[in-house]
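Below is one structure, written out as structure tokens, with a few remarks after it.
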Amino acid sequence: MAEIKQNHPQISHGQAVPPDRSSWWGRLQQRFPILQRKRGVAFVVTLMILPFFGLLGLLALRNRHDGSGGGAGGTAGGQELIADDTFFYGQSEPVYPSPAMTGVGTWADAYNKAVDFVRQLTTEEKVSLASGIFSSTGSSGTVNGCSGNIDAIPRMNFSGLCLNDAGQGVRATDFVSGFPSGIHVAASWNKDLARSRAESMGLEFRVKGVNIHLGPVVGPIGRVVRGGRNWEGFSPDPYLSGALVSETVQGIQSQGVITSTKHYIGNEQETNRQPTGDVEAVSSNIDDKTLHELYLWPFQDAVKAGTGNIMCSYNRVNNSYACANSKTQNGILKTELGFQGAITSDWGAMHAGVASAEAGMDMVMPNSELWGDNLVKAVNNGSLSEDRLNDMATRIMAGYYQMGQDQGFPEPGVGMPADLTKPHRIIDARNVSSQQVLLNGATEGHVLLKNVNNALPLNKPRMLSVFGYSAKNPDQWNYKSNGGVAAWTFGGESSYLGRDTAAGFGGQYYGDFSDIAPNGTLFCGGGSGAVTPASVSSPFDVLNARAFDDRTSVFWDFFTPDPDVASTSDACLVIVNAFASEGYDRPHLYDNYTDGLIRHVADRCNNTIVIFHNAGVRLVDQWVDHPNVTALVFAHLPGEASGRALVSLLYGESNFSGKLPYTVARNESDYEGFGGPDLPEGRYEKFPQSNFSVQGVYIDYRHFDARNITPRYEFGFGLSYTTFNYSNLEVSKRDGANTDQYATGAIHEGGQVDLWDVVATITADIRNVGDVDGAEVAQLYVAIPNAPAKQLRGFEKPFINATASATVSFDLTRRDLSVWDVVAQKWRLQPGDYGVFVGASSRDLPLNSTFTI
């Protein structure tokens, strides 16, 4: 560990770690109770034991690295293998003591109630608030189907807490909806829609008796392009992520459900995310400036929005485990940002007992022998102060009171049965008001990237051919599916019944993972962020119904890599996917099977329309310039309304309005050092290192701009069935705005209050010059002195009727225009000239101006 207070593994005064909970296998059995059964173990072992697996694993460590590693110090000759954590002591600044909650701002009343509640508790009861009790992930729980539980305190009329996944909807239970994933929301660029989605989603969590919603996700932000969990978050741009997480937090919490914004911080790869064997979790080594300007930015927006909980992550940060890192938790989150809520561990992410509490962590999940009775002993023998325990309990209860959960909130886990195969009370959480939100959300996250020869929209084609494995529903959608727990409950029905997800959860980071989910369409990615909707709509379901109404002849082949193609087809749809899951990182940004299928169809059909359900960036250069590939759609992960949304767009009943929330390169090498995960290598084989400071803030479009690399499709790009023109850019500085270099305001939630003072306002006009009504995402970029060439600092999405126009307005705050000063430890508003650019994408910016501070 990088902080001397954190001897690994550490519990209260040197007590031994119980062998059944200290290993990765023990922690995995807590997270997934099926692994406590012989058949569960047999299932995983069958998946894990592959021919020559040991040799392949060693080769993977050496050969799969794509140059993105850069473990600190490299593999210089003569350097000895680092075998002890003490080598890294001091790399993460220690910040103690953990600051107590103050009840600042809107938290005053909740704080006072929490203080009064905690004052009446025994030490054991306070510890019980911070220590989860054994539960499940919705498969075979001993308490209920909640991912985690805090025990009740009956004498205080406190019913306990249910915590449950995840960011796209209530997971692993029945009678719930499947909302569009984070990446899909980002592709919509619609703040209002993000808010509506969050309100609808929060209501379902409430009805099911879930007190703490384990989401939204802004870590990973998307540094590693092949990151397995990028799809759960929004975008590698911090401003876009921050704006959408703010709406999401406010929307969910408006329903009385606490958000646990995650994963804090630097959780950018799945590979080596947890310690495995004698290899520690990867360390995200982040300098202060990069941390503030990129990775912390959306967390700051979430804190300002009032998030009641933050989840600390699996990885190490500057070689100190995130859940025991006093700099990031005590120093930044609770002091600099004024965070008033509680910090909860990711499942099994706590590796030190007293040290984690002193470093700022407030609640452990799902449970741990390091806390519980051992934490009681630590308080009684003086190794943990009673004040710190009081603050932990107060922060947990303050979130409860802040959301009004003491007034009419459902019983914790009331709609989360421990075993769905047994008779249980049906709690239908779906609300009719959410149906349009689900459809609109699915529709607006589709991005049209190519459309030539009037390929789209379709108009009652006489013959339509449909190819590709992502067109149809999965072959099964069943709680007790053939693939076991990982299939239905973890989004694996389409992906070999959860084979790869199960392997990743088992710590097999270097398995032979698939790039695709070949067994059906994607509604979400894999892992704890998956959705389990009560009903789904696949593309072919709706296409076939539409063909019946239009009297269209339909041919299809979902399985063959080289299908027969009817040359008389008016259009050929190739519907395929790019899968990603928690537990492992994507092997590639393309796959030869899918690219071969697309080329095969395009060689035989002169109107080939390609549709990707993609859980992240997908390269297309092997076929996108084929003269017969007339249209390309990135359909992302639309949730349960997938088929209805896609067909509405293909037939022109809805207009495309999505834009890319990331950059699509021409070649994987264009991403350079951040294409894939960093691996254990050289003297750091036992302590893998990921050096974020190599790229600094220059990821995604900032990197492409700085290196003058032309992408295939730039950040913010997306086509429509109509055309928009931009004009009349105006820049006005706010009268009386304080433009001193440093903010001077008091610290409330989110940091100094005057960071959000408006300094300037930008306006522009947009006219729809086509003949189709549609929405346009107007984007504002700013060139800040001594910073990237341009950074997103505003976006609006007006709906504009054909021939009509609209005016968009963007407010620029002090924080928007500042850089992080590592010496002053404050945001600095520099004197100088600031460039302003407005347009349709990061590389289509017809309007520009400057203003001076």
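By order in the structure tokens, chains are A, B, ...; within a chain, residues start at 1; ligands start at 1, following the order shown.
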
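The residues of range 625-667 of chain A that DSSP assigns to strand (DSSP E) on this backbone come out as A:Val629, A:Thr630, A:Ala631, A:Leu632, A:Val633, A:Phe634.
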
Discussion item. For Lys472 in chain A, find every residue with an atom within 8 Å (counting only C-alpha atoms), except residues of its own chain fewer than 3 positions away, and show them as a list of chain:residue names.
Written reply: A:Tyr469, A:Gly520, A:Thr521, A:Ser538, A:Pro539, A:Phe540, A:Asp541, A:Phe558

Fill in: Shell around range 751-759 of chain A at 8 Å using only C-alpha atoms, local window under 3 positions removed, as a count of residues only
21

Item to complete: Give me the residues within 10 Å of Tyr781 in chain A as an NGL selection string, counting only C-alpha atoms and dropping any in the same chain fewer than 6 places off.
Response: :A and (789-795 or 835-839 or 841-842 or 845 or 848)

Any chance you can output those residues with C-alpha atoms as a CSV table (one decimal), in the first residue's frame?
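Printed below is part39.csv as written:
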chain,number,residue,atom,x,y,z
A,789,ALA,CA,-7.1,22.7,-28.2
A,790,LYS,CA,-10.8,22.5,-27.5
A,791,GLN,CA,-13.0,21.0,-24.8
A,792,LEU,CA,-16.7,20.4,-24.7
A,793,ARG,CA,-18.3,22.9,-22.4
A,794,GLY,CA,-22.0,22.9,-23.4
A,795,PHE,CA,-24.6,21.1,-25.4
A,835,GLY,CA,-11.7,30.6,-28.1
A,836,VAL,CA,-15.4,29.7,-28.6
A,837,PHE,CA,-16.6,27.1,-31.2
A,838,VAL,CA,-20.2,26.0,-31.9
A,839,GLY,CA,-21.4,23.4,-34.3
A,841,SER,CA,-19.6,17.8,-33.8
A,842,SER,CA,-16.1,18.2,-32.5
A,845,LEU,CA,-17.7,23.8,-35.9
A,848,ASN,CA,-16.2,30.7,-33.8

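Counting only C-alpha atoms and comparing A:Ile427, A:Met350, A:Cys524, A:Ile611, the residue that lies closest to Gly413 in chain A is A:Ile427.
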
Surrounding residues of Asn272 in chain A excluding itself and chain neighbours under 2 positions, 9 Å, only C-alpha atoms, as an mmCIF file with N, CA, C and O atoms, in the first residue's frame:
data_model
loop_
_atom_site.group_PDB
_atom_site.id
_atom_site.type_symbol
_atom_site.label_atom_id
_atom_site.label_comp_id
_atom_site.auth_asym_id
_atom_site.auth_seq_id
_atom_site.Cartn_x
_atom_site.Cartn_y
_atom_site.Cartn_z
ATOM 1 N N GLN A 269 -10.062 -0.207 -15.992
ATOM 2 C CA GLN A 269 -9.908 -1.482 -16.687
ATOM 3 C C GLN A 269 -10.393 -2.599 -15.790
ATOM 4 O O GLN A 269 -10.382 -2.500 -14.561
ATOM 5 N N GLU A 270 -10.822 -3.696 -16.425
ATOM 6 C CA GLU A 270 -11.244 -4.878 -15.693
ATOM 7 C C GLU A 270 -10.071 -5.817 -15.432
ATOM 8 O O GLU A 270 -10.044 -6.526 -14.430
ATOM 9 N N GLN A 274 -8.935 -6.842 -9.362
ATOM 10 C CA GLN A 274 -8.875 -7.328 -7.998
ATOM 11 C C GLN A 274 -7.600 -8.141 -7.809
ATOM 12 O O GLN A 274 -7.045 -8.686 -8.771
ATOM 13 N N PRO A 275 -7.132 -8.249 -6.564
ATOM 14 C CA PRO A 275 -5.968 -9.113 -6.338
ATOM 15 C C PRO A 275 -6.315 -10.556 -6.646
ATOM 16 O O PRO A 275 -7.392 -11.043 -6.299
ATOM 17 N N THR A 276 -5.406 -11.241 -7.324
ATOM 18 C CA THR A 276 -5.621 -12.627 -7.712
ATOM 19 C C THR A 276 -4.336 -13.392 -7.455
ATOM 20 O O THR A 276 -3.292 -13.066 -8.027
ATOM 21 N N VAL A 279 -0.804 -11.620 -7.090
ATOM 22 C CA VAL A 279 -0.772 -10.377 -7.866
ATOM 23 C C VAL A 279 -1.812 -9.414 -7.306
ATOM 24 O O VAL A 279 -3.000 -9.748 -7.217
ATOM 25 N N GLU A 280 -1.361 -8.237 -6.930
ATOM 26 C CA GLU A 280 -2.280 -7.233 -6.399
ATOM 27 C C GLU A 280 -3.124 -6.629 -7.520
ATOM 28 O O GLU A 280 -2.845 -6.818 -8.707
ATOM 29 N N ALA A 281 -4.146 -5.876 -7.138
ATOM 30 C CA ALA A 281 -4.961 -5.179 -8.128
ATOM 31 C C ALA A 281 -4.125 -4.096 -8.802
ATOM 32 O O ALA A 281 -3.157 -3.571 -8.236
ATOM 33 N N VAL A 282 -4.517 -3.759 -10.027
ATOM 34 C CA VAL A 282 -3.791 -2.747 -10.800
ATOM 35 C C VAL A 282 -3.852 -1.401 -10.081
ATOM 36 O O VAL A 282 -4.860 -1.054 -9.462
ATOM 37 N N ASN A 315 -9.692 -1.072 -7.686
ATOM 38 C CA ASN A 315 -8.297 -0.824 -8.028
ATOM 39 C C ASN A 315 -7.552 -0.080 -6.934
ATOM 40 O O ASN A 315 -8.133 0.433 -5.976
ATOM 41 N N GLY A 507 -11.841 -14.235 -11.957
ATOM 42 C CA GLY A 507 -10.461 -13.749 -11.951
ATOM 43 C C GLY A 507 -9.625 -14.240 -13.109
ATOM 44 O O GLY A 507 -8.399 -14.075 -13.103
ATOM 45 N N TYR A 509 -8.531 -13.246 -16.073
ATOM 46 C CA TYR A 509 -8.476 -12.031 -16.882
ATOM 47 C C TYR A 509 -7.922 -12.260 -18.285
ATOM 48 O O TYR A 509 -8.081 -11.415 -19.159
ATOM 49 N N TYR A 584 -13.822 -8.650 -17.480
ATOM 50 C CA TYR A 584 -12.714 -8.740 -18.443
ATOM 51 C C TYR A 584 -12.832 -7.592 -19.431
ATOM 52 O O TYR A 584 -13.896 -6.990 -19.588
ATOM 53 N N ASP A 678 -3.590 -2.105 -19.126
ATOM 54 C CA ASP A 678 -2.198 -2.289 -18.734
ATOM 55 C C ASP A 678 -2.070 -3.616 -17.993
ATOM 56 O O ASP A 678 -2.933 -3.976 -17.186
ATOM 57 N N LEU A 679 -0.968 -4.307 -18.245
ATOM 58 C CA LEU A 679 -0.793 -5.668 -17.738
ATOM 59 C C LEU A 679 0.388 -5.755 -16.779
ATOM 60 O O LEU A 679 1.293 -4.921 -16.810
ATOM 61 N N PRO A 680 0.399 -6.766 -15.925
ATOM 62 C CA PRO A 680 1.567 -6.979 -15.070
ATOM 63 C C PRO A 680 2.781 -7.319 -15.931
ATOM 64 O O PRO A 680 2.708 -8.203 -16.785
ATOM 65 N N PRO A 688 0.790 -4.694 -10.772
ATOM 66 C CA PRO A 688 0.594 -4.052 -12.084
ATOM 67 C C PRO A 688 0.334 -2.556 -11.949
ATOM 68 O O PRO A 688 -0.363 -2.109 -11.035
#
